[in-house]
Every structure is written in structure tokens, then in C-alpha cells.
>>> print(open('query_10.txt').read())   # compact mmCIF, C-alpha atoms and all ligand atoms
# COMPACT_ATOMS: atom_id res chain seq x y z
CA MET O 49 0.00 0.00 0.00
CA HIS O 50 1.30 3.46 -0.97
CA CYS O 51 0.08 6.84 0.32
CA ASP O 52 0.86 10.53 -0.23
CA ILE O 53 1.54 11.51 3.39
CA LEU O 54 1.99 9.43 6.53
CA ILE O 55 1.89 11.20 9.90
CA SER O 56 3.37 8.85 12.49
CA ASN O 57 4.04 8.68 16.24
CA GLY O 58 1.71 11.60 17.15
CA LEU O 59 -1.12 11.92 19.64
CA VAL O 60 -4.01 11.80 17.18
CA LYS O 61 -7.22 13.59 18.24
CA THR O 62 -10.17 11.81 16.60
CA PRO O 63 -13.91 11.71 17.45
CA ALA O 64 -13.33 8.19 18.86
CA SER O 65 -10.30 9.36 20.86
CA PRO O 66 -10.78 13.06 21.75
CA ASN O 67 -8.26 12.89 24.58
CA PRO O 68 -5.44 10.65 23.25
CA ALA O 69 -3.09 9.26 25.88
CA PRO O 70 0.63 10.16 25.55
CA GLU O 71 1.63 6.50 25.84
CA LYS O 72 -0.52 5.52 22.85
CA PRO O 73 0.79 7.39 19.79
CA GLY O 74 -0.94 6.91 16.48
CA PHE O 75 -0.84 7.54 12.73
CA VAL O 76 -2.81 9.28 9.97
CA ILE O 77 -2.64 8.04 6.37
CA ILE O 78 -3.42 10.61 3.64
CA SER O 79 -3.93 10.06 -0.08
CA ASN O 80 -5.65 12.02 -2.87
CA GLY O 81 -6.47 14.85 -0.46
CA LYS O 82 -8.34 12.55 1.92
CA ILE O 83 -7.79 10.89 5.27
CA ILE O 84 -7.55 7.18 4.44
CA ALA O 85 -7.12 5.82 7.97
CA THR O 86 -6.15 6.70 11.54
CA GLY O 87 -5.15 4.33 14.32
CA PRO O 88 -2.60 3.38 16.99
CA MET O 89 1.00 2.79 15.78
CA ALA O 90 0.64 -0.91 16.61
CA GLU O 91 -1.94 -1.14 13.80
CA LEU O 92 0.07 0.68 11.10
CA PRO O 93 0.00 -1.55 7.97
CA GLY O 94 3.42 -3.22 7.66
CA ASP O 95 3.59 -2.84 3.86
CA LEU O 96 2.80 0.90 3.86
CA THR O 97 5.07 3.23 1.89
CA ALA O 98 4.62 7.01 1.78
CA ALA O 99 5.81 9.77 -0.56
CA LYS O 100 6.24 11.94 2.54
CA THR O 101 6.49 10.88 6.18
CA ILE O 102 6.05 13.36 9.02
CA ASP O 103 7.30 12.18 12.40
CA ALA O 104 4.92 13.74 14.93
CA LYS O 105 6.61 12.36 18.05
CA GLY O 106 5.82 14.63 21.01
CA CYS O 107 3.14 16.43 18.97
CA LEU O 108 -0.64 16.56 18.88
CA VAL O 109 -2.30 15.85 15.52
CA MET O 110 -5.74 17.46 15.29
CA PRO O 111 -8.26 18.90 12.84
CA GLY O 112 -7.41 22.37 11.51
CA LEU O 113 -9.45 25.26 12.92
CA ILE O 114 -12.34 26.86 11.06
CA ASN O 115 -12.78 30.63 11.08
CA THR O 116 -16.42 31.28 10.16
CA HIS O 117 -16.14 35.05 9.74
CA ASN O 118 -13.38 37.25 8.40
CA HIS O 119 -12.78 40.17 6.07
CA CYS O 120 -9.26 39.04 5.18
CA ALA O 121 -8.15 42.16 3.31
CA MET O 122 -8.87 44.30 6.37
CA THR O 123 -5.42 43.34 7.65
CA MET O 124 -4.65 46.62 5.81
CA PHE O 125 -6.46 48.53 8.58
CA ARG O 126 -5.05 46.63 11.57
CA GLY O 127 -4.57 49.21 14.30
CA LEU O 128 -5.60 52.15 12.10
CA ALA O 129 -8.57 53.25 14.26
CA ASP O 130 -8.98 51.64 17.66
CA ASP O 131 -10.97 52.34 20.82
CA LEU O 132 -14.06 53.71 19.03
CA PRO O 133 -17.77 52.74 19.04
CA LEU O 134 -18.87 50.59 16.06
CA MET O 135 -20.89 53.22 14.18
CA THR O 136 -18.19 55.94 14.60
CA TRP O 137 -15.50 53.39 13.74
CA LEU O 138 -17.39 52.25 10.62
CA GLN O 139 -18.74 55.54 9.32
CA GLU O 140 -15.91 57.94 10.18
CA HIS O 141 -12.90 55.66 9.75
CA ILE O 142 -13.41 52.29 8.05
CA PHE O 143 -15.88 53.20 5.28
CA PRO O 144 -13.88 56.34 4.23
CA ALA O 145 -10.57 54.42 4.36
CA GLU O 146 -12.13 51.66 2.27
CA ALA O 147 -13.47 54.16 -0.27
CA ARG O 148 -9.95 55.62 -0.72
CA PHE O 149 -7.62 52.68 -0.41
CA VAL O 150 -9.39 49.46 -1.40
CA SER O 151 -8.16 48.26 -4.80
CA PRO O 152 -7.71 44.84 -6.43
CA GLU O 153 -4.00 45.09 -5.56
CA MET O 154 -4.69 45.92 -1.92
CA VAL O 155 -7.26 43.10 -1.58
CA TYR O 156 -4.89 40.56 -3.13
CA TRP O 157 -1.84 41.36 -0.94
CA CYS O 158 -3.73 41.99 2.29
CA THR O 159 -5.71 38.75 1.84
CA LYS O 160 -2.39 36.94 1.34
CA LEU O 161 -1.13 38.49 4.55
CA ALA O 162 -4.27 37.24 6.33
CA ALA O 163 -3.80 33.77 4.82
CA ALA O 164 -0.21 33.67 6.07
CA GLU O 165 -1.29 34.70 9.57
CA MET O 166 -4.14 32.16 9.60
CA ILE O 167 -2.07 29.23 8.31
CA LEU O 168 0.74 29.98 10.78
CA SER O 169 -1.79 29.95 13.65
CA GLY O 170 -3.65 26.74 12.73
CA THR O 171 -6.63 27.82 10.63
CA THR O 172 -7.29 25.56 7.65
CA THR O 173 -10.70 26.93 6.56
CA VAL O 174 -11.94 30.52 6.50
CA ALA O 175 -15.15 32.26 5.48
CA ASP O 176 -14.18 35.57 3.89
CA GLY O 177 -16.38 38.42 2.74
CA TYR O 178 -15.16 41.61 1.10
CA PHE O 179 -15.03 43.80 -2.01
CA PHE O 180 -13.04 42.68 -5.10
CA GLU O 181 -13.68 39.17 -3.80
CA ASP O 182 -12.31 37.69 -7.00
CA ASP O 183 -8.85 39.00 -6.02
CA ALA O 184 -9.35 37.72 -2.46
CA ALA O 185 -10.34 34.28 -3.77
CA ARG O 186 -7.24 34.22 -6.00
CA ALA O 187 -4.99 35.05 -3.03
CA LEU O 188 -6.68 32.42 -0.83
CA LYS O 189 -6.42 29.74 -3.53
CA GLU O 190 -2.73 30.43 -4.14
CA SER O 191 -2.16 30.23 -0.38
CA GLY O 192 -3.68 26.75 -0.32
CA ILE O 193 -6.23 27.49 2.42
CA ARG O 194 -9.81 26.19 2.15
CA ALA O 195 -12.23 29.10 1.92
CA ILE O 196 -15.75 30.27 1.43
CA ALA O 197 -15.20 33.51 -0.48
CA ALA O 198 -18.29 35.72 -0.42
CA GLN O 199 -18.68 38.82 -2.57
CA GLY O 200 -19.61 41.85 -0.46
CA VAL O 201 -22.87 43.67 -1.30
CA ILE O 202 -23.74 47.10 0.07
CA ASP O 203 -26.20 49.82 -1.04
CA PHE O 204 -23.71 52.58 -1.64
CA PRO O 205 -20.93 53.04 -4.18
CA ALA O 206 -18.39 50.41 -3.14
CA PRO O 207 -14.88 49.46 -4.27
CA GLY O 208 -15.25 47.56 -7.54
CA VAL O 209 -18.98 48.32 -7.81
CA PRO O 210 -19.36 52.12 -8.20
CA ASP O 211 -23.07 51.80 -9.01
CA PRO O 212 -24.99 49.80 -6.35
CA ALA O 213 -27.52 48.85 -9.06
CA ASP O 214 -24.82 46.46 -10.39
CA ASN O 215 -24.38 44.74 -7.01
CA ILE O 216 -26.24 41.54 -7.69
CA ARG O 217 -25.08 41.19 -11.31
CA ASN O 218 -21.49 41.59 -10.12
CA SER O 219 -22.03 38.89 -7.46
CA ALA O 220 -23.60 36.56 -10.03
CA GLN O 221 -20.51 36.84 -12.24
CA PHE O 222 -18.30 36.08 -9.23
CA LEU O 223 -20.34 32.99 -8.29
CA GLU O 224 -20.23 31.74 -11.86
CA LYS O 225 -16.46 32.11 -12.07
CA TRP O 226 -15.66 30.20 -8.86
CA GLN O 227 -18.11 27.29 -9.16
CA ASN O 228 -16.53 23.83 -8.72
CA ASP O 229 -13.13 24.93 -7.40
CA ARG O 230 -11.21 22.41 -5.26
CA LEU O 231 -10.55 24.83 -2.38
CA ILE O 232 -12.72 27.91 -2.89
CA THR O 233 -16.50 27.88 -2.53
CA PRO O 234 -18.13 31.17 -3.59
CA GLY O 235 -20.88 32.91 -1.59
CA VAL O 236 -22.83 36.17 -1.22
CA PHE O 237 -22.34 38.60 1.68
CA CYS O 238 -24.95 41.34 2.10
CA HIS O 239 -23.28 43.64 4.63
CA SER O 240 -26.21 44.20 7.02
CA PRO O 241 -29.92 45.04 7.28
CA TYR O 242 -28.93 48.71 7.81
CA THR O 243 -26.62 49.05 4.76
CA CYS O 244 -28.68 46.92 2.33
CA ASN O 245 -32.35 47.63 1.62
CA ALA O 246 -35.07 44.96 1.56
CA GLU O 247 -34.83 44.46 -2.20
CA THR O 248 -31.04 44.04 -2.14
CA ILE O 249 -31.25 41.50 0.68
CA ARG O 250 -34.04 39.54 -1.07
CA LYS O 251 -32.19 39.54 -4.40
CA GLY O 252 -28.87 38.60 -2.77
CA LYS O 253 -30.51 35.64 -1.03
CA GLU O 254 -32.34 34.62 -4.20
CA LEU O 255 -29.05 34.58 -6.11
CA ALA O 256 -27.42 32.49 -3.34
CA ARG O 257 -30.37 30.04 -3.44
CA GLN O 258 -30.20 29.68 -7.23
CA SER O 259 -26.45 29.07 -7.06
CA ARG O 260 -26.78 26.74 -4.03
CA CYS O 261 -24.27 28.75 -2.10
CA LEU O 262 -24.15 30.40 1.31
CA PHE O 263 -25.64 33.79 2.13
CA PHE O 264 -23.96 35.79 4.90
CA ILE O 265 -25.16 38.90 6.71
CA HIS O 266 -24.09 40.81 9.85
CA VAL O 267 -27.15 40.75 12.16
CA ALA O 268 -28.03 42.28 15.54
CA GLU O 269 -24.45 43.32 16.23
CA THR O 270 -25.16 46.39 18.39
CA LYS O 271 -27.89 47.81 20.59
CA THR O 272 -28.05 50.81 18.20
CA GLU O 273 -28.81 48.47 15.28
CA LEU O 274 -31.59 46.79 17.29
CA ALA O 275 -33.16 50.16 18.18
CA GLN O 276 -32.90 51.37 14.58
CA SER O 277 -34.53 48.19 13.26
CA CYS O 278 -37.41 48.50 15.74
CA ARG O 279 -37.87 52.16 14.71
CA GLN O 280 -37.69 51.58 10.94
CA HIS O 281 -39.25 48.15 10.55
CA GLY O 282 -41.15 47.70 13.82
CA VAL O 283 -39.30 44.45 14.56
CA SER O 284 -35.86 43.14 15.59
CA PRO O 285 -33.20 42.57 12.88
CA VAL O 286 -33.70 38.76 13.05
CA ARG O 287 -37.51 39.06 12.68
CA TYR O 288 -37.00 41.53 9.83
CA LEU O 289 -34.77 39.02 7.98
CA HIS O 290 -37.36 36.32 8.67
CA GLN O 291 -40.07 38.55 7.16
CA LEU O 292 -37.88 39.03 4.08
CA GLY O 293 -37.73 35.24 3.77
CA VAL O 294 -33.96 34.95 3.95
CA LEU O 295 -33.52 32.76 7.05
CA ASP O 296 -32.83 29.12 6.15
CA GLU O 297 -30.07 26.48 6.35
CA GLY O 298 -28.05 28.36 3.74
CA THR O 299 -27.88 31.60 5.73
CA VAL O 300 -25.07 32.46 8.14
CA CYS O 301 -26.03 35.21 10.60
CA VAL O 302 -22.88 36.93 11.82
CA HIS O 303 -22.68 38.27 15.41
CA CYS O 304 -26.28 37.80 16.74
CA VAL O 305 -25.47 39.68 19.94
CA TRP O 306 -28.85 41.35 20.58
CA LEU O 307 -31.41 38.52 20.47
CA ASP O 308 -34.62 37.94 22.40
CA ALA O 309 -36.37 34.60 22.95
CA GLY O 310 -38.41 35.02 19.75
CA ASP O 311 -35.26 35.66 17.69
CA LEU O 312 -33.65 32.51 19.13
CA GLU O 313 -36.73 30.51 18.18
CA LEU O 314 -36.72 31.90 14.62
CA LEU O 315 -33.05 31.00 14.19
CA ARG O 316 -33.70 27.48 15.50
CA GLU O 317 -36.80 26.90 13.35
CA SER O 318 -35.24 28.26 10.17
CA GLY O 319 -32.00 26.27 10.45
CA ALA O 320 -29.93 29.43 9.93
CA SER O 321 -26.52 29.22 11.59
CA VAL O 322 -24.53 31.75 13.59
CA ALA O 323 -20.92 32.97 13.34
CA SER O 324 -20.00 34.41 16.73
CA CYS O 325 -17.03 36.80 17.01
CA PRO O 326 -16.39 37.37 20.72
CA LYS O 327 -13.17 39.39 20.42
CA SER O 328 -14.63 41.79 17.85
CA ASN O 329 -17.77 42.19 19.97
CA MET O 330 -15.59 42.90 23.02
CA LYS O 331 -13.29 45.37 21.26
CA LEU O 332 -16.14 47.37 19.75
CA ALA O 333 -18.10 47.02 23.03
CA SER O 334 -21.02 45.62 21.01
CA GLY O 335 -22.12 43.20 23.74
CA ILE O 336 -22.05 39.46 24.44
CA ALA O 337 -23.90 37.03 22.16
CA PRO O 338 -26.11 34.48 24.01
CA VAL O 339 -24.01 31.60 22.64
CA ASP O 340 -24.96 29.26 25.51
CA GLN O 341 -28.67 29.80 24.76
CA LEU O 342 -28.16 29.42 21.01
CA LEU O 343 -26.37 26.08 21.52
CA GLU O 344 -29.03 24.95 23.98
CA ALA O 345 -31.72 25.80 21.43
CA GLY O 346 -29.91 23.62 18.89
CA VAL O 347 -28.66 26.44 16.65
CA VAL O 348 -25.37 25.64 14.91
CA VAL O 349 -22.74 28.14 16.12
CA GLY O 350 -19.16 28.64 14.90
CA LEU O 351 -16.45 31.10 15.89
CA GLY O 352 -14.96 33.85 13.77
CA THR O 353 -12.27 36.47 14.22
CA ASP O 354 -14.05 39.12 12.13
CA GLY O 355 -11.74 41.47 10.19
CA CYS O 356 -8.39 42.49 11.59
CA ALA O 357 -9.45 46.08 12.21
CA SER O 358 -11.79 44.95 14.99
CA ASN O 359 -9.81 42.17 16.66
CA ASN O 360 -6.79 42.84 15.85
CA ASN O 361 -5.40 39.40 15.02
CA LEU O 362 -6.59 36.25 13.26
CA ASP O 363 -5.42 33.66 15.82
CA MET O 364 -8.35 31.28 16.32
CA PHE O 365 -6.75 29.88 19.49
CA GLY O 366 -7.19 33.35 20.99
CA GLU O 367 -10.82 33.38 19.86
CA ILE O 368 -11.47 29.97 21.45
CA SER O 369 -9.90 30.96 24.76
CA CYS O 370 -11.79 34.25 24.77
CA ALA O 371 -15.15 32.60 23.99
CA ALA O 372 -14.74 30.08 26.82
CA LYS O 373 -13.92 32.75 29.41
CA LEU O 374 -16.20 35.57 28.25
CA HIS O 375 -19.39 33.52 28.55
CA LYS O 376 -18.41 32.20 31.97
CA VAL O 377 -17.89 35.65 33.45
CA HIS O 378 -21.00 36.98 31.71
CA ARG O 379 -23.24 34.32 33.35
CA LEU O 380 -21.10 34.16 36.51
CA ASP O 381 -21.01 30.41 35.92
CA PRO O 382 -17.70 28.56 35.27
CA THR O 383 -19.55 25.51 33.88
CA ILE O 384 -20.85 27.43 30.82
CA LEU O 385 -19.18 26.58 27.48
CA PRO O 386 -16.69 23.95 28.70
CA ALA O 387 -13.44 23.44 26.76
CA ALA O 388 -14.73 20.57 24.61
CA THR O 389 -17.79 22.62 23.55
CA VAL O 390 -15.75 25.66 22.52
CA LEU O 391 -13.22 23.57 20.64
CA ALA O 392 -16.10 21.84 18.80
CA MET O 393 -17.40 25.28 17.77
CA ALA O 394 -14.04 25.95 16.09
CA THR O 395 -13.92 22.56 14.32
CA THR O 396 -17.07 20.47 13.68
CA GLY O 397 -19.39 23.39 14.50
CA GLY O 398 -17.56 25.69 12.10
CA ALA O 399 -17.74 23.04 9.38
CA SER O 400 -21.53 22.78 9.88
CA VAL O 401 -21.96 26.58 9.81
CA LEU O 402 -20.22 26.62 6.43
CA GLY O 403 -22.01 23.58 5.00
CA LEU O 404 -18.72 21.63 4.98
CA GLN O 405 -19.63 19.01 7.61
CA GLY O 406 -19.20 16.19 5.11
CA LYS O 407 -15.74 17.46 4.14
CA THR O 408 -13.80 18.77 7.12
CA GLY O 409 -13.80 19.51 10.87
CA GLU O 410 -12.62 16.15 12.23
CA LEU O 411 -10.04 13.45 11.65
CA THR O 412 -12.03 10.53 10.28
CA ALA O 413 -11.46 8.33 7.25
CA GLY O 414 -13.18 9.78 4.19
CA LYS O 415 -12.92 13.45 5.22
CA ARG O 416 -10.59 15.84 3.37
CA ALA O 417 -7.20 16.00 5.08
CA ASP O 418 -7.27 19.39 6.88
CA ILE O 419 -4.84 18.71 9.71
CA ILE O 420 -2.60 20.69 12.05
CA ILE O 421 0.26 19.43 14.19
CA ILE O 422 0.93 21.13 17.54
CA ASP O 423 4.37 20.92 19.13
CA LEU O 424 3.77 19.88 22.75
CA GLN O 425 7.43 20.10 23.83
CA LYS O 426 6.98 23.48 25.50
CA PRO O 427 6.85 24.63 29.12
CA HIS O 428 3.33 26.07 28.89
CA LEU O 429 1.93 22.87 27.37
CA THR O 430 3.42 20.64 30.09
CA PRO O 431 1.97 18.56 31.65
CA MET O 432 -1.14 17.74 29.63
CA TYR O 433 -3.95 15.97 31.48
CA ASP O 434 -6.79 16.91 29.16
CA VAL O 435 -6.24 17.77 25.49
CA ASN O 436 -9.30 20.04 25.23
CA SER O 437 -8.29 22.00 28.31
CA THR O 438 -4.72 22.46 27.01
CA LEU O 439 -5.94 23.59 23.59
CA VAL O 440 -8.55 26.04 24.90
CA TYR O 441 -6.87 27.58 27.94
CA THR O 442 -3.14 27.30 27.21
CA ALA O 443 -2.22 26.84 23.56
CA SER O 444 -1.78 29.69 21.11
CA GLY O 445 -1.42 29.92 17.35
CA SER O 446 2.36 30.03 17.61
CA ASP O 447 2.37 26.43 18.91
CA VAL O 448 1.24 25.16 15.50
CA LYS O 449 4.17 23.51 13.75
CA THR O 450 2.80 21.97 10.58
CA SER O 451 -0.36 22.32 8.49
CA ILE O 452 -1.89 20.11 5.82
CA ILE O 453 -4.90 21.38 3.85
CA ASP O 454 -6.85 19.21 1.41
CA GLY O 455 -4.00 16.71 1.61
CA HIS O 456 -1.32 19.25 0.67
CA LEU O 457 1.53 20.20 2.97
CA ILE O 458 1.09 23.99 3.36
CA MET O 459 3.37 24.69 6.32
CA GLU O 460 6.17 22.54 7.72
CA ASN O 461 8.12 23.33 10.91
CA GLN O 462 6.55 26.82 10.93
CA GLN O 463 7.77 27.57 7.39
CA LEU O 464 5.06 28.61 4.92
CA LEU O 465 5.45 26.56 1.73
CA THR O 466 2.90 28.37 -0.45
CA ILE O 467 3.42 32.03 0.46
CA GLU O 468 6.50 34.22 -0.06
CA LEU O 469 6.11 35.92 3.31
CA ALA O 470 8.91 38.48 2.81
CA GLU O 471 7.28 39.73 -0.39
CA VAL O 472 3.82 39.90 1.22
CA LEU O 473 5.16 41.91 4.19
CA ALA O 474 6.99 44.31 1.86
CA ARG O 475 3.90 44.83 -0.34
CA VAL O 476 1.56 45.45 2.61
CA ASN O 477 4.06 47.79 4.28
CA GLY O 478 4.28 49.67 0.98
CA LEU O 479 0.49 50.08 0.90
CA ALA O 480 0.49 51.15 4.57
CA ARG O 481 3.04 53.89 3.80
CA ARG O 482 0.53 55.33 1.30
CA ILE O 483 -2.22 55.33 3.95
CA ARG O 484 0.10 56.91 6.54
CA SER O 485 1.19 59.69 4.21
CA THR O 486 -2.37 60.58 3.13
CA PRO O 487 -3.78 63.42 5.23
ZN ZN W 501 -17.70 41.32 9.94
>>> encode(input="query_10.txt", output="C-alpha cells")
Amino acid sequence: MHCDILISNGLVKTPASPNPAPEKPGFVIISNGKIIATGPMAELPGDLTAAKTIDAKGCLVMPGLINTHNHCAMTMFRGLADDLPLMTWLQEHIFPAEARFVSPEMVYWCTKLAAAEMILSGTTTVADGYFFEDDAARALKESGIRAIAAQGVIDFPAPGVPDPADNIRNSAQFLEKWQNDRLITPGVFCHSPYTCNAETIRKGKELARQSRCLFFIHVAETKTELAQSCRQHGVSPVRYLHQLGVLDEGTVCVHCVWLDAGDLELLRESGASVASCPKSNMKLASGIAPVDQLLEAGVVVGLGTDGCASNNNLDMFGEISCAAKLHKVHRLDPTILPAATVLAMATTGGASVLGLQGKTGELTAGKRADIIIIDLQKPHLTPMYDVNSTLVYTASGSDVKTSIIDGHLIMENQQLLTIELAEVLARVNGLARRIRSTP
């Protein structure tokens, strides 16, 4: 038997063995982009040969993390305008900066920068949404990361779409172009119920339905948005979207901070999923999403970093740790969102949010090989009694040593194999100099 990649001697975290014991190392066999088999070293087929063998002795082998919400190119605005309320931040800083500086070139290089940061910190799948999404998708594909790339739609002149009347046509062309790609799945991202009118939201969802792709929208992010929705539409943002007929299994509601019991019920009934971004919600002081209640109601919830301007990094380990602790202190209950639950949100839960549950999120035979290897030979990861606890409360993105996505080796021993990092840093720093020197 011959395979493409053999990972040997590692602690392999599988659904059957979520807390692998250090004295029982195992293997993962990968071929044609898929996981062929996992098991203890004692059961490794004797006749197996591999094009590439990775010795994972002293390491944890686990599914790659899934970031369900990002605006990758916003790495350009990391640290540009901090410590401001969401509406001031958006309207006085981010929207004007985007109007002046977003270009195909900027989206391409800044998305590559985001991909480098995500791969280095253990993310193997990301849901992106921005302008010039074709350039973002190209950067993500070249980086070798799995992605849902969703074209941004907004009701004012936007980068790449100067006339909002062309919004949906532009998105349709994007969807057409990226159908059937190995790594990139296209989608539609209507910015929010307050920046897209009812017709735009309906048409965006209709297009997503016809193309059988995901529809994303920021929903109920701030108290101001809730009040505005009640004033303008007489109902909450979630009820408003329900009335427009856009809540179903193919819709990802981002944030969902300000929900009442009726909103929770509508999300549950409709099958819409939620991308929760605790660090962004904390930084912009938007509030705390009722993630415990959403999970209890049976709503599928994943974690996202949101764009770099509101986080300000893309390390999903930080997001996991933050989610676990934020909800505990919010409810004054340390039993809320235990480590295993939060880690599931960043793996299997994230896969379900993005409609990829058949493909990725766990290490089982038949799934695509999206795998990260964590180096455990470090003071802060010693000793390890419970793998989930170590991953959620102690590990960070910099502990990730090696990454395999769709069966391809993307990073080995913390060296990116698909991205020329020095060039990306130079390009983004060049773009930042332009922003800095513009009054
Ligand atoms: Zn966002």
C-alpha cells in the first residue's frame, strides 16, 4: 500500500479518541487529499510506503481550525482606528478608508497576509467576505487554504462596484467564475440590514439560493442596530430578515449579539446558523452574544475572528480561549461553554456553519485531510492531562508547527510553503506607507 503523506508517532485527536493518551501514539494516512485511515501505531499496515512521512513524536495531531467570519483584506487597517464605538468606527474611519484605499492590488496582498497569519496559527478553513472578492479568492487559492469567499454587497458606491444597481449582477458573475473549485467555494455577503435595503437582501438571497451557495449577513451586532430596526421596521433585525424570507439552512447570521427569545426561536426553526465573534464584539463594546442559549436551542454556532481592524489578530486559538472565558464571566457560571464545547465550535461546529460538515472539521477516514500538528514540547503545554483543556486555555497559534490542507503540505516546521512571506510583508508595508502619508 502506498500513500501521499503518513503522519506517524503523534497523539491523534479523533472523534473516537478526543483525549489521546501520551503513551498511545498513532498515525494518519493521507492520499488524494483525503484521510484514508487513523489508528494506533501498533496497527500501522506493515507494507505501507509514503511519498512523505512526518514524524509527529511529542506532537498533537488534530483537525485544523475553522474561522467562520473574516474580512481578510482588512489586515490593511489593523490598528488604524482603535478604541471607538462601532458606528463611529465604521462611518468615520473604516468606510472612508475603504473608499480611498481598497483596490484589487490591496485586496490581493492583504488577503495573502491574512492567509499567512491564519495558516501559521492553525486555521485551515476561512469564510471571507469583502469587495473585489475575485482577487481575495485568487490570493486564498494560491495560499492553499480552504475558503468560502463571499462577494460583499452594500447599497452605496463600493470598491469595484461604483453603481450599487450592479451589485447583484457583479455577485452573479463572481459565483459563476468560482463554481466547482477544489478549495474555494463562492458565496454572497450582504453587509447588514442597515446598509442593504429589503430588495437588495431579497435579491442577494435569491441569487445564493439559485447558485446553491451560502448567504452571509451581519445581524443584531449592536444595541443601536436593534433600536434602529425597531424604529424603521417595527421588529428586531432577526424578525426583519425572517419577514424578508432569507432565514434558512443556507444563511449564516454573523454576530447575533442582541437577540430575544423570539429571535432565538426563529433562528432554531429556520435552520440558519450563527458565526460568533467574541473578540470583535468585546473590542467594539457591542455586547455578548447568548451563545450558551443558542447552543441549547440547537442552533449551529461557529467562531470567527471578524476582520483584523476589529480584533486585531486572526489567531483562532485566541478566539477559542476568549469565547470560553467571556461567557463564563458573563453568566457568573464557570460551567458554561466547557473546553470541549468551545473547541467543537471551532472545528465540527464551524464546518456545519459553512455547509462543509461532510468534508472537514474532524479526523475521520473519508474526510478531506485538513490537519494541524501542535508541538507539545513546550513549558506552557506541560503537563497535559486533558487535550481540550490544554488547547482552549493554554495553547496559542504560535504552537502550530505543521499544516496540511486538502491533503497538501502547506506549512512545515513553521515555514510557509505556499506564500512568499517576505514579499507579502513588503507589499503590505508599501500600501500602509501610502495610507500613513495621506492626510
Ligand atoms: Zn464582519
>>> closest_residue(input="query_10.txt", among="O:Ile55, O:Leu128, O:Ala99, O:Leu332", to="ligand ZN 501 (chain W)", atoms="all atoms listed in the file")
O:Leu332
>>> residues_near_ligand(input="query_10.txt", ligand="ligand ZN 501 (chain W)", cutoff="7 Å", atoms="all atoms listed in the file", output="number ranges by chain")
O: 117-119, 266, 354-355
>>> atom_distance(input="query_10.txt", atom1="CA of Phe365 (chain O)", atom2="CA of Asp447 (chain O)")
9.8 Å
>>> closest_residue(input="query_10.txt", among="O:Leu92, O:Leu54, O:Leu168, O:Ala470", to="Ile422 (chain O)", atoms="only C-alpha atoms")
O:Leu168
>>> residues_around(input="query_10.txt", residues="region 76-85 of chain O", least_positions_apart="3", cutoff="12 Å", atoms="only C-alpha atoms", output="NGL selection string")
:O and (49-62 or 73 or 88-89 or 91-93 or 96-104 or 108-111 or 230-231 or 406-421 or 452-457)
>>> atom_distance(input="query_10.txt", atom1="CA of Lys72 (chain O)", atom2="CA of Tyr441 (chain O)")
23.5 Å
>>> closest_residue(input="query_10.txt", among="O:Ala206, O:Leu307, O:Leu351, O:Leu295", to="Ser324 (chain O)", atoms="only C-alpha atoms")
O:Leu351
>>> axis_aligned_box(input="query_10.txt", around="region 455-469 of chain O", padding_each_side="4 Å", output="lines of an AutoDock Vina configuration file")
center_x = 2.1
center_y = 26.3
center_z = 5.2
size_x = 20.1
size_y = 27.2
size_z = 19.4
>>> residues_around(input="query_10.txt", residues="region 255-262 of chain O", least_positions_apart="5", cutoff="6 Å", atoms="only C-alpha atoms", output="list in words")
Gly235, Gly298 and Thr299 of chain O
>>> residues_around(input="query_10.txt", residues="region 393-405 of chain O", least_positions_apart="6", cutoff="7 Å", atoms="all atoms listed in the file", output="list in words")
Pro111, Leu113, Ile114, Asn115, Thr116, Val300, Ser321, Val322, Val348, Val349, Gly350 and Leu351 of chain O
>>> closest_residue(input="query_10.txt", among="O:Gly170, O:Ile384, O:Pro68, O:Met432", to="Ser446 (chain O)", atoms="only C-alpha atoms")
O:Gly170
>>> closest_residue(input="query_10.txt", among="O:Ile483, O:Cys304, O:Val286, O:Met124", to="Pro338 (chain O)", atoms="only C-alpha atoms")
O:Cys304
>>> atom_distance(input="query_10.txt", atom1="CA of Leu223 (chain O)", atom2="CA of Pro210 (chain O)")
19.2 Å
>>> residues_around(input="query_10.txt", residues="Ser240 (chain O)", least_positions_apart="4", cutoff="10 Å", atoms="all atoms listed in the file", output="number ranges by chain")
O: 201-203, 244-245, 249, 264-269, 273, 285, 301-302
>>> residues_around(input="query_10.txt", residues="region 137-148 of chain O", least_positions_apart="5", cutoff="10 Å", atoms="only C-alpha atoms", output="list in words")
Met122, Met124, Phe125, Leu128, Ala129, Asp130, Asp131, Leu132, Phe179, Pro205, Ala206, Pro207, Gly208, Leu332, Ala357, Ser358, Ile483 and Thr486 of chain O
